[in-house]
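What follows is a single structure, written as C-alpha cells, with notes after it.
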Amino acid sequence: MKRYRLSVCKGMDCKANGSNAVFAAAQEELTQRGLAPRCEAYRGGCYGFCHMGPNVVIREDTGRKKDPLSPEDYQLMGWPGEVYYSRMNPERMRRVIAEHIEKDAPVRDYYGDPDEGP
Ligand code: FES
C-alpha cells in the first residue's frame, strides 16, 4: 500500500481563496476514512501558482530524507508520483482523498498546469 504526503499551500493569496478550508477538509476526510496513517497532511509554502490556488501537491512517501531547506514545500520537484492539483476547494479535496489516497488513483480532472500564466 502506498503512503503519501499531501501539502496545501499557505501563502496569503491562497489563504484568501480558502486554502485553510481545503486543509481542514483534507484532515477531516483522512481521519474519517482511517487514512491518516497512510498520508501525512501538512502546509507547504507558496508554490508560486497563487493565480490557480488553492494548490495541493501530493507525493508518494518513499521514505526519502527531507532536505533541510525543504524546497519541496514551495516548489514542484518533478519527482515520480508527484501530482499538482489546482483550484482546490473542500469538495474537490474530499474527492482527491477518496480516489488518490484511498484507491491510489489520482484525479486527472483537477490536475493543474504549472505553465498556465496569470
Ligand atoms: S499561496 Fe498558494 S501558490 Fe501562492
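We name chains A, B, ... following the order of the C-alpha cells; residues begin at 1 in each chain, and ligands are numbered from 1 as shown.
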**OP:** Skip Glu72 in chain A itself and residues of its chain fewer than 3 positions away, then list as a list in words all residues within 10 Å of it, counting only C-alpha atoms.
**Re:** Ser7, Gly44, Gly45, Tyr47, Val57, Arg59, Lys66, Asp67, Leu69, Gln75, Leu76, Met77, Gly78 and Trp79 of chain A
Would you save the residues of that selection, restricted to C-alpha atoms, as a CSV table (one decimal), in the first residue's frame?
```
chain,number,residue,atom,x,y,z
A,7,SER,CA,0.6,19.6,1.2
A,44,GLY,CA,3.5,23.9,2.3
A,45,GLY,CA,4.6,27.4,1.5
A,47,TYR,CA,4.3,27.4,-4.8
A,57,VAL,CA,0.7,18.8,-4.0
A,59,ARG,CA,3.8,13.0,-3.5
A,66,LYS,CA,13.9,15.6,3.8
A,67,ASP,CA,16.1,18.3,2.5
A,69,LEU,CA,16.0,23.6,3.2
A,75,GLN,CA,8.1,24.2,-5.5
A,76,LEU,CA,7.3,21.3,-7.7
A,77,MET,CA,10.2,18.8,-7.8
A,78,GLY,CA,9.2,16.7,-10.8
A,79,TRP,CA,9.6,13.5,-8.8
```
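Here the DSSP assignment of strand (DSSP E or B), based on backbone atoms, applies within range 4-116 of chain A to Tyr4, Arg5, Leu6, Ser7, Val8, Cys9, Cys39, Glu40, Ala41, Tyr42, Arg43, Gly44, Val56, Val57, Ile58, Arg59, Glu60, Val83, Tyr84, Tyr85 and Tyr111 of chain A.
The coordinates place CA of Arg94 in chain A at 22.5 Å from CA of Tyr74 in chain A.
Proximity to Asn89 in chain A was assessed for A:Gly34, A:Gly112, A:Gly53, A:Gly11 counting only C-alpha atoms; the smallest distance is recorded for A:Gly53.
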**OP:** Find the residues near ligand 1. Use a cut-off of 10 Å, count only C-alpha atoms and all ligand atoms, and write them as a count of residues only.
**Re:** 29
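The smallest atom-to-atom distance between Ala25 in chain A and any of A:Glu99, A:Asp104, A:Glu91, A:Asp61, using only C-alpha atoms, is found for A:Glu91.
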Excluding same-chain residues fewer than 3 positions from Arg108 in chain A, what lies within 10 Å of it counting only C-alpha atoms, as a compact mmCIF listing (two decimals) with all heavy atoms, in the first residue's frame?
```
# COMPACT_ATOMS: atom_id res chain seq x y z
N VAL A 83 2.00 14.85 -7.86
CA VAL A 83 0.81 15.35 -8.55
C VAL A 83 0.47 16.73 -8.02
O VAL A 83 0.44 16.96 -6.80
CB VAL A 83 -0.40 14.41 -8.37
CG1 VAL A 83 -1.66 15.02 -8.97
CG2 VAL A 83 -0.13 13.06 -9.03
N TYR A 84 0.21 17.64 -8.96
CA TYR A 84 -0.15 19.01 -8.58
C TYR A 84 -1.62 19.26 -8.93
O TYR A 84 -2.01 19.11 -10.09
CB TYR A 84 0.78 19.98 -9.32
CG TYR A 84 0.26 21.38 -9.42
CD1 TYR A 84 -0.19 22.05 -8.29
CD2 TYR A 84 0.21 22.04 -10.63
CE1 TYR A 84 -0.69 23.34 -8.37
CE2 TYR A 84 -0.27 23.33 -10.73
CZ TYR A 84 -0.73 23.97 -9.60
OH TYR A 84 -1.24 25.23 -9.69
N TYR A 85 -2.39 19.63 -7.93
CA TYR A 85 -3.81 19.93 -8.12
C TYR A 85 -4.03 21.42 -7.93
O TYR A 85 -3.56 22.00 -6.95
CB TYR A 85 -4.67 19.21 -7.09
CG TYR A 85 -4.71 17.71 -7.23
CD1 TYR A 85 -4.12 16.90 -6.27
CD2 TYR A 85 -5.35 17.10 -8.30
CE1 TYR A 85 -4.17 15.50 -6.38
CE2 TYR A 85 -5.40 15.71 -8.43
CZ TYR A 85 -4.81 14.93 -7.46
OH TYR A 85 -4.86 13.57 -7.56
N VAL A 96 -10.30 13.93 -3.95
CA VAL A 96 -8.90 13.54 -4.12
C VAL A 96 -8.48 12.54 -3.03
O VAL A 96 -7.80 11.56 -3.30
CB VAL A 96 -7.98 14.79 -4.13
CG1 VAL A 96 -6.52 14.41 -3.95
CG2 VAL A 96 -8.16 15.56 -5.43
N HIS A 100 -7.39 9.42 -4.90
CA HIS A 100 -5.93 9.38 -4.99
C HIS A 100 -5.31 8.63 -3.81
O HIS A 100 -4.50 7.72 -3.99
CB HIS A 100 -5.39 10.81 -5.06
CG HIS A 100 -3.92 10.91 -5.38
ND1 HIS A 100 -3.39 11.99 -6.04
CD2 HIS A 100 -2.88 10.08 -5.13
CE1 HIS A 100 -2.07 11.80 -6.19
NE2 HIS A 100 -1.75 10.66 -5.63
N ALA A 105 -5.56 6.31 -7.05
CA ALA A 105 -6.00 6.71 -8.39
C ALA A 105 -6.09 8.24 -8.46
O ALA A 105 -7.12 8.82 -8.12
CB ALA A 105 -7.35 6.08 -8.69
N TYR A 111 -5.97 18.20 -12.23
CA TYR A 111 -4.54 18.50 -12.39
C TYR A 111 -4.34 19.96 -12.78
O TYR A 111 -5.07 20.48 -13.62
CB TYR A 111 -3.92 17.64 -13.51
CG TYR A 111 -3.54 16.23 -13.10
CD1 TYR A 111 -4.00 15.66 -11.93
CD2 TYR A 111 -2.72 15.47 -13.92
CE1 TYR A 111 -3.64 14.36 -11.59
CE2 TYR A 111 -2.37 14.17 -13.59
CZ TYR A 111 -2.84 13.61 -12.42
OH TYR A 111 -2.49 12.33 -12.09
N GLY A 112 -3.35 20.59 -12.18
CA GLY A 112 -3.02 21.95 -12.55
C GLY A 112 -1.94 21.94 -13.61
O GLY A 112 -1.18 20.99 -13.73
```
Original post:
Using only C-alpha atoms, which residue out of A:Glu29, A:Glu60, A:Pro90, A:Phe23 lies closest to Tyr42 in chain A?
Top reply: A:Phe23
Which of chain A DSSP labels helix (DSSP H, G or I), written as a PDB file with N, CA, C and O atoms, in the first residue's frame:
```
ATOM      1  N   MET A  12      -0.450  33.943   1.457  1.00  0.00           N
ATOM      2  CA  MET A  12      -1.560  34.893   1.696  1.00  0.00           C
ATOM      3  C   MET A  12      -2.685  34.761   0.669  1.00  0.00           C
ATOM      4  O   MET A  12      -3.853  34.735   1.017  1.00  0.00           O
ATOM      5  N   ASP A  13      -2.313  34.700  -0.607  1.00  0.00           N
ATOM      6  CA  ASP A  13      -3.335  34.682  -1.656  1.00  0.00           C
ATOM      7  C   ASP A  13      -4.219  33.459  -1.544  1.00  0.00           C
ATOM      8  O   ASP A  13      -5.438  33.544  -1.648  1.00  0.00           O
ATOM      9  N   CYS A  14      -3.594  32.319  -1.354  1.00  0.00           N
ATOM     10  CA  CYS A  14      -4.382  31.098  -1.310  1.00  0.00           C
ATOM     11  C   CYS A  14      -5.187  31.010  -0.015  1.00  0.00           C
ATOM     12  O   CYS A  14      -6.278  30.437  -0.003  1.00  0.00           O
ATOM     13  N   LYS A  15      -4.672  31.604   1.037  1.00  0.00           N
ATOM     14  CA  LYS A  15      -5.475  31.655   2.273  1.00  0.00           C
ATOM     15  C   LYS A  15      -6.732  32.473   1.999  1.00  0.00           C
ATOM     16  O   LYS A  15      -7.829  32.101   2.390  1.00  0.00           O
ATOM     17  N   ALA A  16      -6.545  33.583   1.305  1.00  0.00           N
ATOM     18  CA  ALA A  16      -7.704  34.425   0.980  1.00  0.00           C
ATOM     19  C   ALA A  16      -8.679  33.655   0.097  1.00  0.00           C
ATOM     20  O   ALA A  16      -9.881  33.909   0.121  1.00  0.00           O
ATOM     21  N   SER A  19      -7.636  28.305   1.295  1.00  0.00           N
ATOM     22  CA  SER A  19      -6.767  27.135   1.499  1.00  0.00           C
ATOM     23  C   SER A  19      -6.894  26.543   2.905  1.00  0.00           C
ATOM     24  O   SER A  19      -6.676  25.355   3.083  1.00  0.00           O
ATOM     25  N   ASN A  20      -7.266  27.372   3.886  1.00  0.00           N
ATOM     26  CA  ASN A  20      -7.440  26.802   5.236  1.00  0.00           C
ATOM     27  C   ASN A  20      -8.585  25.791   5.255  1.00  0.00           C
ATOM     28  O   ASN A  20      -8.489  24.743   5.887  1.00  0.00           O
ATOM     29  N   ALA A  21      -9.660  26.104   4.548  1.00  0.00           N
ATOM     30  CA  ALA A  21     -10.807  25.187   4.491  1.00  0.00           C
ATOM     31  C   ALA A  21     -10.428  23.918   3.718  1.00  0.00           C
ATOM     32  O   ALA A  21     -10.886  22.822   4.044  1.00  0.00           O
ATOM     33  N   VAL A  22      -9.575  24.061   2.709  1.00  0.00           N
ATOM     34  CA  VAL A  22      -9.127  22.890   1.939  1.00  0.00           C
ATOM     35  C   VAL A  22      -8.295  21.974   2.846  1.00  0.00           C
ATOM     36  O   VAL A  22      -8.478  20.752   2.860  1.00  0.00           O
ATOM     37  N   PHE A  23      -7.432  22.577   3.641  1.00  0.00           N
ATOM     38  CA  PHE A  23      -6.597  21.792   4.554  1.00  0.00           C
ATOM     39  C   PHE A  23      -7.465  21.090   5.608  1.00  0.00           C
ATOM     40  O   PHE A  23      -7.274  19.909   5.902  1.00  0.00           O
ATOM     41  N   ALA A  24      -8.430  21.809   6.148  1.00  0.00           N
ATOM     42  CA  ALA A  24      -9.321  21.220   7.153  1.00  0.00           C
ATOM     43  C   ALA A  24     -10.094  20.046   6.550  1.00  0.00           C
ATOM     44  O   ALA A  24     -10.249  18.998   7.187  1.00  0.00           O
ATOM     45  N   ALA A  25     -10.542  20.201   5.314  1.00  0.00           N
ATOM     46  CA  ALA A  25     -11.294  19.123   4.650  1.00  0.00           C
ATOM     47  C   ALA A  25     -10.384  17.903   4.451  1.00  0.00           C
ATOM     48  O   ALA A  25     -10.815  16.756   4.618  1.00  0.00           O
ATOM     49  N   ALA A  26      -9.124  18.140   4.115  1.00  0.00           N
ATOM     50  CA  ALA A  26      -8.187  17.033   3.922  1.00  0.00           C
ATOM     51  C   ALA A  26      -8.014  16.270   5.231  1.00  0.00           C
ATOM     52  O   ALA A  26      -8.097  15.040   5.268  1.00  0.00           O
ATOM     53  N   GLN A  27      -7.792  16.999   6.304  1.00  0.00           N
ATOM     54  CA  GLN A  27      -7.596  16.337   7.599  1.00  0.00           C
ATOM     55  C   GLN A  27      -8.825  15.545   8.013  1.00  0.00           C
ATOM     56  O   GLN A  27      -8.724  14.407   8.475  1.00  0.00           O
ATOM     57  N   GLU A  28      -9.994  16.152   7.837  1.00  0.00           N
ATOM     58  CA  GLU A  28     -11.248  15.511   8.212  1.00  0.00           C
ATOM     59  C   GLU A  28     -11.463  14.219   7.429  1.00  0.00           C
ATOM     60  O   GLU A  28     -11.779  13.175   7.985  1.00  0.00           O
ATOM     61  N   GLU A  29     -11.295  14.323   6.116  1.00  0.00           N
ATOM     62  CA  GLU A  29     -11.559  13.180   5.247  1.00  0.00           C
ATOM     63  C   GLU A  29     -10.549  12.048   5.510  1.00  0.00           C
ATOM     64  O   GLU A  29     -10.910  10.881   5.512  1.00  0.00           O
ATOM     65  N   LEU A  30      -9.313  12.413   5.760  1.00  0.00           N
ATOM     66  CA  LEU A  30      -8.299  11.386   6.059  1.00  0.00           C
ATOM     67  C   LEU A  30      -8.664  10.654   7.341  1.00  0.00           C
ATOM     68  O   LEU A  30      -8.563   9.427   7.427  1.00  0.00           O
ATOM     69  N   THR A  31      -9.101  11.409   8.332  1.00  0.00           N
ATOM     70  CA  THR A  31      -9.464  10.802   9.617  1.00  0.00           C
ATOM     71  C   THR A  31     -10.691   9.914   9.459  1.00  0.00           C
ATOM     72  O   THR A  31     -10.707   8.764   9.900  1.00  0.00           O
ATOM     73  N   GLN A  32     -11.724  10.466   8.791  1.00  0.00           N
ATOM     74  CA  GLN A  32     -12.966   9.700   8.635  1.00  0.00           C
ATOM     75  C   GLN A  32     -12.750   8.393   7.904  1.00  0.00           C
ATOM     76  O   GLN A  32     -13.383   7.384   8.192  1.00  0.00           O
ATOM     77  N   ALA A  36      -5.322   8.417   7.815  1.00  0.00           N
ATOM     78  CA  ALA A  36      -4.272   9.267   8.383  1.00  0.00           C
ATOM     79  C   ALA A  36      -2.920   8.544   8.489  1.00  0.00           C
ATOM     80  O   ALA A  36      -1.880   9.141   8.215  1.00  0.00           O
ATOM     81  N   PRO A  37      -2.894   7.249   8.834  1.00  0.00           N
ATOM     82  CA  PRO A  37      -1.584   6.573   8.919  1.00  0.00           C
ATOM     83  C   PRO A  37      -0.889   6.450   7.563  1.00  0.00           C
ATOM     84  O   PRO A  37       0.309   6.230   7.497  1.00  0.00           O
ATOM     85  N   ARG A  38      -1.655   6.563   6.484  1.00  0.00           N
ATOM     86  CA  ARG A  38      -1.060   6.412   5.140  1.00  0.00           C
ATOM     87  C   ARG A  38      -0.760   7.733   4.465  1.00  0.00           C
ATOM     88  O   ARG A  38      -0.195   7.772   3.382  1.00  0.00           O
ATOM     89  N   CYS A  50      -0.230  31.186  -7.237  1.00  0.00           N
ATOM     90  CA  CYS A  50      -1.356  31.749  -6.484  1.00  0.00           C
ATOM     91  C   CYS A  50      -2.572  31.985  -7.376  1.00  0.00           C
ATOM     92  O   CYS A  50      -3.707  31.865  -6.923  1.00  0.00           O
ATOM     93  N   HIS A  51      -2.327  32.355  -8.645  1.00  0.00           N
ATOM     94  CA  HIS A  51      -3.449  32.637  -9.557  1.00  0.00           C
ATOM     95  C   HIS A  51      -4.272  31.387  -9.850  1.00  0.00           C
ATOM     96  O   HIS A  51      -5.340  31.484 -10.438  1.00  0.00           O
ATOM     97  N   MET A  52      -3.762  30.215  -9.469  1.00  0.00           N
ATOM     98  CA  MET A  52      -4.511  28.972  -9.706  1.00  0.00           C
ATOM     99  C   MET A  52      -4.864  28.290  -8.385  1.00  0.00           C
ATOM    100  O   MET A  52      -5.262  27.138  -8.368  1.00  0.00           O
ATOM    101  N   PRO A  71      12.950  22.444  -0.121  1.00  0.00           N
ATOM    102  CA  PRO A  71      12.458  23.064  -1.354  1.00  0.00           C
ATOM    103  C   PRO A  71      11.136  22.452  -1.810  1.00  0.00           C
ATOM    104  O   PRO A  71      10.342  23.118  -2.476  1.00  0.00           O
ATOM    105  N   GLU A  72      10.890  21.204  -1.405  1.00  0.00           N
ATOM    106  CA  GLU A  72       9.646  20.563  -1.843  1.00  0.00           C
ATOM    107  C   GLU A  72       8.409  21.199  -1.214  1.00  0.00           C
ATOM    108  O   GLU A  72       7.304  20.931  -1.637  1.00  0.00           O
ATOM    109  N   ASP A  73       8.623  22.022  -0.210  1.00  0.00           N
ATOM    110  CA  ASP A  73       7.473  22.671   0.427  1.00  0.00           C
ATOM    111  C   ASP A  73       7.052  23.949  -0.296  1.00  0.00           C
ATOM    112  O   ASP A  73       6.058  24.565   0.062  1.00  0.00           O
ATOM    113  N   PRO A  90     -12.957  22.468  -0.722  1.00  0.00           N
ATOM    114  CA  PRO A  90     -13.147  21.304   0.151  1.00  0.00           C
ATOM    115  C   PRO A  90     -13.751  20.099  -0.567  1.00  0.00           C
ATOM    116  O   PRO A  90     -13.346  18.950  -0.326  1.00  0.00           O
ATOM    117  N   GLU A  91     -14.697  20.342  -1.482  1.00  0.00           N
ATOM    118  CA  GLU A  91     -15.340  19.228  -2.186  1.00  0.00           C
ATOM    119  C   GLU A  91     -14.328  18.487  -3.072  1.00  0.00           C
ATOM    120  O   GLU A  91     -14.268  17.250  -3.078  1.00  0.00           O
ATOM    121  N   ARG A  92     -13.537  19.237  -3.799  1.00  0.00           N
ATOM    122  CA  ARG A  92     -12.524  18.611  -4.658  1.00  0.00           C
ATOM    123  C   ARG A  92     -11.494  17.874  -3.792  1.00  0.00           C
ATOM    124  O   ARG A  92     -11.028  16.782  -4.136  1.00  0.00           O
ATOM    125  N   MET A  93     -11.160  18.480  -2.658  1.00  0.00           N
ATOM    126  CA  MET A  93     -10.182  17.861  -1.762  1.00  0.00           C
ATOM    127  C   MET A  93     -10.688  16.503  -1.288  1.00  0.00           C
ATOM    128  O   MET A  93      -9.940  15.523  -1.249  1.00  0.00           O
ATOM    129  N   ARG A  94     -11.973  16.452  -0.934  1.00  0.00           N
ATOM    130  CA  ARG A  94     -12.535  15.177  -0.442  1.00  0.00           C
ATOM    131  C   ARG A  94     -12.477  14.097  -1.516  1.00  0.00           C
ATOM    132  O   ARG A  94     -12.176  12.943  -1.240  1.00  0.00           O
ATOM    133  N   ARG A  95     -12.741  14.504  -2.759  1.00  0.00           N
ATOM    134  CA  ARG A  95     -12.693  13.517  -3.853  1.00  0.00           C
ATOM    135  C   ARG A  95     -11.249  13.025  -4.053  1.00  0.00           C
ATOM    136  O   ARG A  95     -11.013  11.836  -4.292  1.00  0.00           O
ATOM    137  N   VAL A  96     -10.301  13.931  -3.946  1.00  0.00           N
ATOM    138  CA  VAL A  96      -8.897  13.541  -4.119  1.00  0.00           C
ATOM    139  C   VAL A  96      -8.485  12.545  -3.031  1.00  0.00           C
ATOM    140  O   VAL A  96      -7.802  11.558  -3.299  1.00  0.00           O
ATOM    141  N   ILE A  97      -8.938  12.784  -1.807  1.00  0.00           N
ATOM    142  CA  ILE A  97      -8.609  11.842  -0.722  1.00  0.00           C
ATOM    143  C   ILE A  97      -9.237  10.472  -1.017  1.00  0.00           C
ATOM    144  O   ILE A  97      -8.589   9.432  -0.885  1.00  0.00           O
ATOM    145  N   ALA A  98     -10.496  10.497  -1.442  1.00  0.00           N
ATOM    146  CA  ALA A  98     -11.220   9.246  -1.677  1.00  0.00           C
ATOM    147  C   ALA A  98     -10.620   8.445  -2.828  1.00  0.00           C
ATOM    148  O   ALA A  98     -10.639   7.212  -2.816  1.00  0.00           O
ATOM    149  N   GLU A  99     -10.095   9.142  -3.842  1.00  0.00           N
ATOM    150  CA  GLU A  99      -9.588   8.422  -5.013  1.00  0.00           C
ATOM    151  C   GLU A  99      -8.063   8.294  -5.025  1.00  0.00           C
ATOM    152  O   GLU A  99      -7.529   7.203  -5.143  1.00  0.00           O
ATOM    153  N   HIS A 100      -7.389   9.423  -4.904  1.00  0.00           N
ATOM    154  CA  HIS A 100      -5.927   9.377  -4.994  1.00  0.00           C
ATOM    155  C   HIS A 100      -5.311   8.629  -3.806  1.00  0.00           C
ATOM    156  O   HIS A 100      -4.498   7.719  -3.991  1.00  0.00           O
ATOM    157  N   ILE A 101      -5.741   9.011  -2.596  1.00  0.00           N
ATOM    158  CA  ILE A 101      -5.129   8.387  -1.412  1.00  0.00           C
ATOM    159  C   ILE A 101      -5.709   6.998  -1.146  1.00  0.00           C
ATOM    160  O   ILE A 101      -4.970   6.036  -0.995  1.00  0.00           O
ATOM    161  N   GLU A 102      -7.037   6.926  -1.129  1.00  0.00           N
ATOM    162  CA  GLU A 102      -7.630   5.635  -0.751  1.00  0.00           C
ATOM    163  C   GLU A 102      -7.432   4.573  -1.830  1.00  0.00           C
ATOM    164  O   GLU A 102      -7.161   3.423  -1.537  1.00  0.00           O
ATOM    165  N   LYS A 103      -7.578   4.975  -3.102  1.00  0.00           N
ATOM    166  CA  LYS A 103      -7.525   3.964  -4.181  1.00  0.00           C
ATOM    167  C   LYS A 103      -6.264   4.068  -5.037  1.00  0.00           C
ATOM    168  O   LYS A 103      -6.166   3.420  -6.080  1.00  0.00           O
ATOM    169  N   ARG A 108      -7.331  13.099 -12.427  1.00  0.00           N
ATOM    170  CA  ARG A 108      -6.779  13.899 -13.528  1.00  0.00           C
ATOM    171  C   ARG A 108      -7.579  15.167 -13.798  1.00  0.00           C
ATOM    172  O   ARG A 108      -7.022  16.174 -14.236  1.00  0.00           O
ATOM    173  N   ASP A 109      -8.884  15.112 -13.536  1.00  0.00           N
ATOM    174  CA  ASP A 109      -9.749  16.281 -13.789  1.00  0.00           C
ATOM    175  C   ASP A 109      -9.243  17.526 -13.076  1.00  0.00           C
ATOM    176  O   ASP A 109      -9.526  18.640 -13.506  1.00  0.00           O
ATOM    177  N   TYR A 110      -8.542  17.365 -11.988  1.00  0.00           N
ATOM    178  CA  TYR A 110      -8.143  18.525 -11.183  1.00  0.00           C
ATOM    179  C   TYR A 110      -6.656  18.866 -11.322  1.00  0.00           C
ATOM    180  O   TYR A 110      -6.156  19.728 -10.608  1.00  0.00           O
TER     181      TYR A 110
END
```
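Interatomic distance, CA of Ala41 in chain A to CA of Pro106 in chain A: 16.3 Å.
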Subject >> Interatomic distance, CA of Leu6 in chain A to CA of Pro114 in chain A (Å, one decimal) >> reply: 17.4 Å
